[in-house]
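Data first, discussion second: the structure below is written as structure tokens.
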Amino acid sequence: MILGLLTFLFASLSTTEAGTIIASHGSGEACEHTDQSVDIDCGPYTISITEAVYGVHSNHNQCGLEYRYSGVCRSSISLPVMRERCDGKTSCSTPANNEIFGDPCYGIHKYLYVTWDCIAPSQWHSPLLAQGSDEACEHTSQTVDIDCGPYTISITNAVYGVHSNHNQCGLEYRYSGVCRSSISLPVMRERCDGKTSCSTPANNEIFGDPCYGIHKYLYVTWDCIAPSQWHSPLLAQGSDEACEHTSQTVDIDCGPYTISITNAVYGVHSNHNQCGLEYRYSGVCRSSTSLQVMKHLCEGKSSCSAAASNDIFFHYR
């Protein structure tokens with residue numbers, strides 16, 4: 001039996017600056033090698049993509065696919081691609097194929113899973129002026145260098161580890177677990193968000209070591225936005241873990257401020273955890289609904305509590 005672990009990061013926002021009105025939520029899946037597509041229609045409202053994964057990242061999917069791949073089968077560009085295709089529109093349609101998302105695991109049938117919010121058009125702002133991506137290899141002098149000139153950096157995706165055979169470092173995924181640092185995105189956002197330039201090497205000192213003895217790389221994507229549209233309403237940050245089959249819960253209390261969940265993972269995705277769990281699973285042990293569930297439970301509240309259990313994270317749709 002695999003024991004589960006819930007770990008996440010959150011940031012608190014002032015109630016006066018976090019006023020986005022969400023009219024509705026939605027989710028959808030589409031299977032590769034079919035005529036299916038993820039169809040989003042927000043009617044009079046505007047689409048805001050909250051999560052997107054193309055690959056096979058769980059046995060819980062509508063396509064009937066089982067995870068039998070020995071590495072990580074998740075396209076690292078899933079979220080930025082979906083945001084580029086759909087954010088700010090009232091409707092969009094996206095098929096599940098390698099032409100759009102790349103091929104994270106050759107020869108494996110994959111699927112696309114997406115979640116979104118429908119928000120008031122008056123609250124949608126698209127300050128995007130430029131986009132970029134870069135990689136840096138561990139044990140080299142390489143760095144991910146971001147220079148937005150007169151504009152401001154907004155990190156959209158970051159992964160440190162080995163999560164695909166498609167990388168500029170020539171690394172092959174031969175690890176039997178998940179080799180992705182769970183703090184990649186919050187670390188990069190802390191280092192670079194709101195600045196005009198930043199530089200980050202790929203090393204364990206910054207991101208932790210998600211898979212000991214394996215050569216890793218850092219992959220980052222970002223937007224360059226107008227400085228006048230950059231807002232950092234952050235008042236506090238926190239993180240917590242809870243272990244499955246215990247009475248522990250992840251408890252968040254932001255006092256007079258409002259919770260904004262920035263990362264959440266339920267499963268066993270690293271040997272570095274407070275539950276003393278070792279990763280011995282031959283596939284990917286991460287609930288694809290972790291972030292969506294935590295946002296549903298906590299986003300916009302001043303306090304919340306969540307247990308680490310399958311009833312919450314695998315039965316939610």
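Identifiers for the structure tokens are assigned positionally: chains receive A, B, ... in sequence, residues are indexed from 1 per chain, and ligands are indexed from 1 in the order shown.
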Item to check | All residues 12 Å or closer to Glu84 in chain A, only C-alpha atoms, same chain fewer than 2 positions away omitted, as a PyMOL selection string | outcome: chain A and resi 47-49+52+77-82+86-89+92+94+100-101+126+128+130-131+156+223
Residues from the last selection, C-alpha atoms, saved as a short mmCIF file (atom, residue, chain, number, x, y, z; two decimals), in the first residue's frame:
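That gives us selection.cif:
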```cif
data_model
loop_
_atom_site.label_atom_id
_atom_site.label_comp_id
_atom_site.auth_asym_id
_atom_site.auth_seq_id
_atom_site.Cartn_x
_atom_site.Cartn_y
_atom_site.Cartn_z
CA ILE A 47 -11.78 32.20 -19.40
CA SER A 48 -8.94 31.96 -16.88
CA ILE A 49 -7.07 28.62 -17.05
CA ALA A 52 -3.53 21.94 -17.39
CA ILE A 77 4.38 23.37 -21.38
CA SER A 78 0.78 22.21 -20.74
CA LEU A 79 -0.26 25.20 -18.63
CA PRO A 80 1.41 28.02 -20.62
CA VAL A 81 0.07 26.55 -23.89
CA MET A 82 -3.50 26.37 -22.59
CA CYS A 86 -7.73 30.33 -24.05
CA ASP A 87 -7.06 33.00 -21.41
CA GLY A 88 -9.06 36.17 -21.99
CA LYS A 89 -11.46 34.54 -24.47
CA CYS A 92 -11.94 27.86 -26.93
CA THR A 94 -8.18 22.22 -27.69
CA ILE A 100 0.33 21.23 -29.56
CA PHE A 101 1.95 20.06 -26.31
CA SER A 126 -3.78 40.87 -20.23
CA LEU A 128 1.54 40.40 -21.54
CA ALA A 130 6.61 39.17 -24.29
CA GLN A 131 7.17 35.52 -23.32
CA THR A 156 4.50 31.08 -15.30
CA ASP A 223 5.97 36.53 -19.21
#
```
Checklist entry - Running DSSP on the backbone, which parts of range 178-258 of chain A land in strand (DSSP E), as a ChimeraX atom specification? => result /A:197-201,217-225,234-243,249-253,258
May I have the selected residues written with N, CA, C and O atoms, as a short mmCIF file (atom, residue, chain, number, x, y, z; two decimals), in the first residue's frame?
```cif
data_model
loop_
_atom_site.label_atom_id
_atom_site.label_comp_id
_atom_site.auth_asym_id
_atom_site.auth_seq_id
_atom_site.Cartn_x
_atom_site.Cartn_y
_atom_site.Cartn_z
N SER A 197 15.05 41.74 -14.37
CA SER A 197 15.98 40.69 -14.79
C SER A 197 16.36 39.84 -13.59
O SER A 197 16.30 40.29 -12.44
N CYS A 198 16.76 38.60 -13.86
CA CYS A 198 17.25 37.71 -12.80
C CYS A 198 18.00 36.56 -13.44
O CYS A 198 17.84 36.27 -14.63
N SER A 199 18.83 35.89 -12.65
CA SER A 199 19.64 34.77 -13.13
C SER A 199 19.64 33.67 -12.08
O SER A 199 19.83 33.94 -10.89
N THR A 200 19.41 32.42 -12.52
CA THR A 200 19.27 31.31 -11.58
C THR A 200 19.99 30.07 -12.09
O THR A 200 19.69 29.59 -13.19
N PRO A 201 20.93 29.53 -11.32
CA PRO A 201 21.58 28.27 -11.72
C PRO A 201 20.71 27.07 -11.35
O PRO A 201 19.76 27.19 -10.57
N TYR A 217 18.00 19.18 -14.40
CA TYR A 217 18.04 20.46 -15.11
C TYR A 217 16.88 21.33 -14.64
O TYR A 217 15.92 20.86 -14.02
N LEU A 218 17.00 22.61 -14.92
CA LEU A 218 15.98 23.59 -14.57
C LEU A 218 15.33 24.12 -15.84
O LEU A 218 16.01 24.56 -16.76
N TYR A 219 13.99 24.04 -15.89
CA TYR A 219 13.22 24.56 -17.02
C TYR A 219 12.26 25.63 -16.51
O TYR A 219 11.52 25.39 -15.54
N VAL A 220 12.28 26.79 -17.13
CA VAL A 220 11.48 27.93 -16.67
C VAL A 220 10.80 28.61 -17.84
O VAL A 220 11.39 28.75 -18.93
N THR A 221 9.54 29.02 -17.66
CA THR A 221 8.86 29.89 -18.62
C THR A 221 8.40 31.15 -17.90
O THR A 221 8.12 31.13 -16.70
N TRP A 222 8.31 32.27 -18.64
CA TRP A 222 7.93 33.53 -18.02
C TRP A 222 7.25 34.46 -19.00
O TRP A 222 7.33 34.28 -20.22
N ASP A 223 6.55 35.44 -18.45
CA ASP A 223 5.97 36.53 -19.21
C ASP A 223 6.69 37.82 -18.82
O ASP A 223 7.16 37.96 -17.69
N CYS A 224 6.75 38.75 -19.75
CA CYS A 224 7.20 40.12 -19.47
C CYS A 224 5.96 41.01 -19.53
O CYS A 224 5.28 41.05 -20.56
N ILE A 225 5.66 41.70 -18.44
CA ILE A 225 4.44 42.49 -18.36
C ILE A 225 4.77 43.94 -18.03
O ILE A 225 5.87 44.27 -17.59
N LEU A 234 1.24 40.41 -1.53
CA LEU A 234 1.62 39.37 -0.59
C LEU A 234 1.91 39.96 0.79
O LEU A 234 2.70 40.88 0.93
N LEU A 235 1.28 39.42 1.80
CA LEU A 235 1.49 39.86 3.17
C LEU A 235 2.14 38.79 4.03
O LEU A 235 2.79 39.10 5.02
N ALA A 236 2.00 37.54 3.67
CA ALA A 236 2.64 36.44 4.41
C ALA A 236 2.65 35.21 3.54
O ALA A 236 1.86 35.09 2.60
N GLN A 237 3.56 34.28 3.82
CA GLN A 237 3.63 33.01 3.12
C GLN A 237 3.69 31.87 4.13
O GLN A 237 4.13 32.05 5.26
N GLY A 238 3.27 30.71 3.70
CA GLY A 238 3.34 29.55 4.59
C GLY A 238 3.35 28.26 3.82
O GLY A 238 3.07 28.22 2.62
N SER A 239 3.72 27.19 4.48
CA SER A 239 3.66 25.85 3.89
C SER A 239 3.40 24.85 5.01
O SER A 239 3.69 25.11 6.19
N ASP A 240 2.84 23.71 4.65
CA ASP A 240 2.52 22.70 5.66
C ASP A 240 2.38 21.35 4.98
O ASP A 240 2.20 21.26 3.76
N GLU A 241 2.45 20.29 5.76
CA GLU A 241 2.25 18.93 5.29
C GLU A 241 1.33 18.18 6.24
O GLU A 241 1.27 18.49 7.44
N ALA A 242 0.62 17.21 5.73
CA ALA A 242 -0.19 16.30 6.54
C ALA A 242 -0.03 14.90 5.98
O ALA A 242 0.06 14.72 4.76
N CYS A 243 0.03 13.91 6.85
CA CYS A 243 0.27 12.52 6.44
C CYS A 243 -1.05 11.75 6.39
O CYS A 243 -1.92 11.90 7.26
N THR A 249 -3.97 17.47 9.87
CA THR A 249 -4.58 18.24 8.80
C THR A 249 -3.66 19.40 8.44
O THR A 249 -2.83 19.83 9.24
N VAL A 250 -3.79 19.88 7.23
CA VAL A 250 -3.12 21.12 6.84
C VAL A 250 -4.03 22.26 7.26
O VAL A 250 -5.16 22.37 6.77
N ASP A 251 -3.56 23.08 8.19
CA ASP A 251 -4.38 24.16 8.76
C ASP A 251 -3.80 25.51 8.33
O ASP A 251 -2.63 25.80 8.58
N ILE A 252 -4.64 26.34 7.71
CA ILE A 252 -4.23 27.66 7.26
C ILE A 252 -5.06 28.71 7.99
O ILE A 252 -6.29 28.61 8.03
N ASP A 253 -4.38 29.69 8.54
CA ASP A 253 -5.08 30.80 9.20
C ASP A 253 -4.38 32.10 8.81
O ASP A 253 -3.26 32.37 9.26
N THR A 258 -6.69 37.13 3.17
CA THR A 258 -7.36 36.13 2.34
C THR A 258 -6.35 35.13 1.78
O THR A 258 -5.27 35.51 1.35
#
```
At most 6 Å is the cut-off: for each residue in range 78-167 of chain A with any atom that close to an atom of range 37-45 of chain A, write down the nearest atom pair and the distance in Å rounded to one decimal, counting only C-alpha atoms, chain first then increasing number, as CSV.
```
residue,atom,partner,partner_atom,distance
A:Thr90,CA,A:Cys42,CA,5.3
A:Ser91,CA,A:Asp41,CA,4.3
A:Cys92,CA,A:Ile40,CA,5.4
A:Ser93,CA,A:Asp39,CA,4.5
A:Thr94,CA,A:Ser37,CA,5.1
A:Pro95,CA,A:Ser37,CA,4.0
A:Cys118,CA,A:Tyr45,CA,5.6
A:Ile119,CA,A:Tyr45,CA,5.4
A:Ala120,CA,A:Tyr45,CA,5.2
A:Pro121,CA,A:Tyr45,CA,5.7
```
Checklist entry - In Å to one decimal, how far is CA of Ser75 in chain A from CA of His57 in chain A? => result 10.0 Å
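Running DSSP on the backbone and keeping only helix (DSSP H, G or I), the residues of range 73-217 of chain A that qualify are Ser78, Leu79, Pro80, Val81, Met82, Arg83, Glu84, Arg85, Cys86, Asn98, Glu99, Ile100, Phe101, Pro121, Ser122, Gln123, Ser184, Leu185, Pro186, Val187, Met188, Arg189, Glu190, Arg191, Cys192, Asn204, Glu205, Ile206 and Phe207 of chain A.
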Item to check | Surrounding residues of Asn61 in chain A excluding itself and chain neighbours under 4 positions, 9 Å, only C-alpha atoms, as a list of chain:residue names | outcome: A:Glu29, A:Val56, A:Leu65, A:Glu66, A:Tyr111, A:Tyr113
Save out the residues we just selected, N, CA, C and O atoms, as a PDB file, in the first residue's frame.
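Full text of part.pdb as output:
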```
ATOM      1  N   GLU A  29     -11.580  16.733 -19.959  1.00  0.00           N
ATOM      2  CA  GLU A  29     -10.524  15.850 -20.421  1.00  0.00           C
ATOM      3  C   GLU A  29     -10.745  15.526 -21.894  1.00  0.00           C
ATOM      4  O   GLU A  29     -11.884  15.519 -22.381  1.00  0.00           O
ATOM      5  N   VAL A  56       0.126  11.298 -19.106  1.00  0.00           N
ATOM      6  CA  VAL A  56      -0.601  10.323 -18.286  1.00  0.00           C
ATOM      7  C   VAL A  56      -0.020  10.460 -16.891  1.00  0.00           C
ATOM      8  O   VAL A  56       1.095  10.004 -16.616  1.00  0.00           O
ATOM      9  N   LEU A  65      -6.909   5.004 -19.350  1.00  0.00           N
ATOM     10  CA  LEU A  65      -5.476   4.751 -19.485  1.00  0.00           C
ATOM     11  C   LEU A  65      -4.855   4.421 -18.139  1.00  0.00           C
ATOM     12  O   LEU A  65      -5.202   5.011 -17.117  1.00  0.00           O
ATOM     13  N   GLU A  66      -3.923   3.471 -18.134  1.00  0.00           N
ATOM     14  CA  GLU A  66      -3.175   3.115 -16.934  1.00  0.00           C
ATOM     15  C   GLU A  66      -1.756   3.642 -17.056  1.00  0.00           C
ATOM     16  O   GLU A  66      -1.171   3.628 -18.138  1.00  0.00           O
ATOM     17  N   TYR A 111      -3.488  11.899 -22.430  1.00  0.00           N
ATOM     18  CA  TYR A 111      -4.733  12.661 -22.386  1.00  0.00           C
ATOM     19  C   TYR A 111      -4.454  14.058 -21.871  1.00  0.00           C
ATOM     20  O   TYR A 111      -3.391  14.342 -21.294  1.00  0.00           O
ATOM     21  N   TYR A 113      -5.899  17.108 -19.462  1.00  0.00           N
ATOM     22  CA  TYR A 113      -6.811  17.459 -18.367  1.00  0.00           C
ATOM     23  C   TYR A 113      -6.666  18.947 -18.067  1.00  0.00           C
ATOM     24  O   TYR A 113      -5.544  19.444 -17.895  1.00  0.00           O
TER      25      TYR A 113
END
```
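The space between CA of Glu99 in chain A and CA of Leu112 in chain A spans 12.8 Å.
With only C-alpha atoms as the atoms that count, the residue of A:Ala307, A:Lys295, A:Ile261, A:Ile312 with the shortest distance to Gln248 in chain A is A:Ala307.
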Item to check | For CA of Gly300 in chain A and CA of Pro256 in chain A, the interatomic separation in Å (one decimal) | outcome: 11.4 Å
Using only C-alpha atoms, determine which residues lie at most 9 Å from range 187-193 of chain A, disregarding the query and same-chain residues fewer than 6 positions distant; provide the list as a PDB file with N, CA, C and O atoms, in the first residue's frame.
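Contents of the output file around.pdb:
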```pdb
ATOM      1  N   ILE A 146      16.904  35.702 -17.341  1.00  0.00           N
ATOM      2  CA  ILE A 146      15.692  36.387 -17.780  1.00  0.00           C
ATOM      3  C   ILE A 146      15.960  37.880 -17.798  1.00  0.00           C
ATOM      4  O   ILE A 146      16.427  38.447 -16.810  1.00  0.00           O
ATOM      5  N   THR A 152       8.422  43.879 -16.593  1.00  0.00           N
ATOM      6  CA  THR A 152       8.496  43.172 -15.318  1.00  0.00           C
ATOM      7  C   THR A 152       8.283  41.683 -15.514  1.00  0.00           C
ATOM      8  O   THR A 152       7.413  41.264 -16.276  1.00  0.00           O
ATOM      9  N   ILE A 153       9.055  40.870 -14.797  1.00  0.00           N
ATOM     10  CA  ILE A 153       8.989  39.411 -14.914  1.00  0.00           C
ATOM     11  C   ILE A 153       7.792  38.853 -14.148  1.00  0.00           C
ATOM     12  O   ILE A 153       7.512  39.261 -13.018  1.00  0.00           O
ATOM     13  N   SER A 154       7.116  37.893 -14.778  1.00  0.00           N
ATOM     14  CA  SER A 154       6.080  37.101 -14.110  1.00  0.00           C
ATOM     15  C   SER A 154       6.318  35.639 -14.483  1.00  0.00           C
ATOM     16  O   SER A 154       6.090  35.229 -15.621  1.00  0.00           O
ATOM     17  N   ILE A 155       6.815  34.834 -13.540  1.00  0.00           N
ATOM     18  CA  ILE A 155       7.117  33.424 -13.794  1.00  0.00           C
ATOM     19  C   ILE A 155       5.824  32.638 -13.954  1.00  0.00           C
ATOM     20  O   ILE A 155       4.918  32.732 -13.122  1.00  0.00           O
ATOM     21  N   THR A 156       5.717  31.854 -15.034  1.00  0.00           N
ATOM     22  CA  THR A 156       4.498  31.079 -15.296  1.00  0.00           C
ATOM     23  C   THR A 156       4.675  29.581 -15.050  1.00  0.00           C
ATOM     24  O   THR A 156       3.711  28.879 -14.769  1.00  0.00           O
ATOM     25  N   ASN A 157       5.916  29.068 -15.157  1.00  0.00           N
ATOM     26  CA  ASN A 157       6.149  27.645 -14.919  1.00  0.00           C
ATOM     27  C   ASN A 157       7.619  27.434 -14.593  1.00  0.00           C
ATOM     28  O   ASN A 157       8.490  28.126 -15.136  1.00  0.00           O
ATOM     29  N   ALA A 158       7.905  26.511 -13.691  1.00  0.00           N
ATOM     30  CA  ALA A 158       9.288  26.192 -13.347  1.00  0.00           C
ATOM     31  C   ALA A 158       9.361  24.761 -12.836  1.00  0.00           C
ATOM     32  O   ALA A 158       8.543  24.359 -12.001  1.00  0.00           O
ATOM     33  N   SER A 199      18.831  35.888 -12.652  1.00  0.00           N
ATOM     34  CA  SER A 199      19.642  34.770 -13.128  1.00  0.00           C
ATOM     35  C   SER A 199      19.636  33.670 -12.078  1.00  0.00           C
ATOM     36  O   SER A 199      19.825  33.942 -10.891  1.00  0.00           O
ATOM     37  N   THR A 200      19.405  32.419 -12.519  1.00  0.00           N
ATOM     38  CA  THR A 200      19.275  31.308 -11.578  1.00  0.00           C
ATOM     39  C   THR A 200      19.990  30.073 -12.094  1.00  0.00           C
ATOM     40  O   THR A 200      19.690  29.590 -13.190  1.00  0.00           O
ATOM     41  N   ILE A 206      19.552  25.488  -4.194  1.00  0.00           N
ATOM     42  CA  ILE A 206      18.406  26.391  -4.369  1.00  0.00           C
ATOM     43  C   ILE A 206      17.081  25.640  -4.327  1.00  0.00           C
ATOM     44  O   ILE A 206      16.130  26.074  -3.677  1.00  0.00           O
ATOM     45  N   PHE A 207      17.006  24.485  -4.996  1.00  0.00           N
ATOM     46  CA  PHE A 207      15.720  23.810  -5.204  1.00  0.00           C
ATOM     47  C   PHE A 207      15.536  22.531  -4.388  1.00  0.00           C
ATOM     48  O   PHE A 207      14.474  21.907  -4.463  1.00  0.00           O
ATOM     49  N   VAL A 220      12.278  26.792 -17.131  1.00  0.00           N
ATOM     50  CA  VAL A 220      11.476  27.925 -16.665  1.00  0.00           C
ATOM     51  C   VAL A 220      10.795  28.611 -17.844  1.00  0.00           C
ATOM     52  O   VAL A 220      11.392  28.748 -18.925  1.00  0.00           O
ATOM     53  N   SER A 232       2.001  43.170  -6.129  1.00  0.00           N
ATOM     54  CA  SER A 232       2.451  42.155  -5.184  1.00  0.00           C
ATOM     55  C   SER A 232       1.747  42.373  -3.850  1.00  0.00           C
ATOM     56  O   SER A 232       2.281  43.021  -2.951  1.00  0.00           O
TER      57      SER A 232
END
```
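For Met294 in chain A, the list of residues within 8 Å, based on only C-alpha atoms and with local chain neighbours fewer than 5 positions off taken out, reads Ile261, Ala264, Glu299 and Ala306 of chain A.
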Please dump the current selection as a compact mmCIF listing (two decimals), in the first residue's frame; keep N, CA and C atoms.
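Result went into again_13.txt, see below:
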```txt
# COMPACT_ATOMS: atom_id res chain seq x y z
N ILE A 261 -3.94 29.89 -2.64
CA ILE A 261 -3.13 28.69 -2.74
C ILE A 261 -2.21 28.79 -3.96
N ALA A 264 0.02 22.76 -4.49
CA ALA A 264 -0.52 21.68 -3.67
C ALA A 264 -0.27 20.35 -4.36
N GLU A 299 -9.46 28.84 -1.19
CA GLU A 299 -9.26 30.11 -1.89
C GLU A 299 -10.32 31.13 -1.49
N ALA A 306 -7.57 20.97 5.81
CA ALA A 306 -7.70 19.88 4.84
C ALA A 306 -6.92 18.66 5.31
```
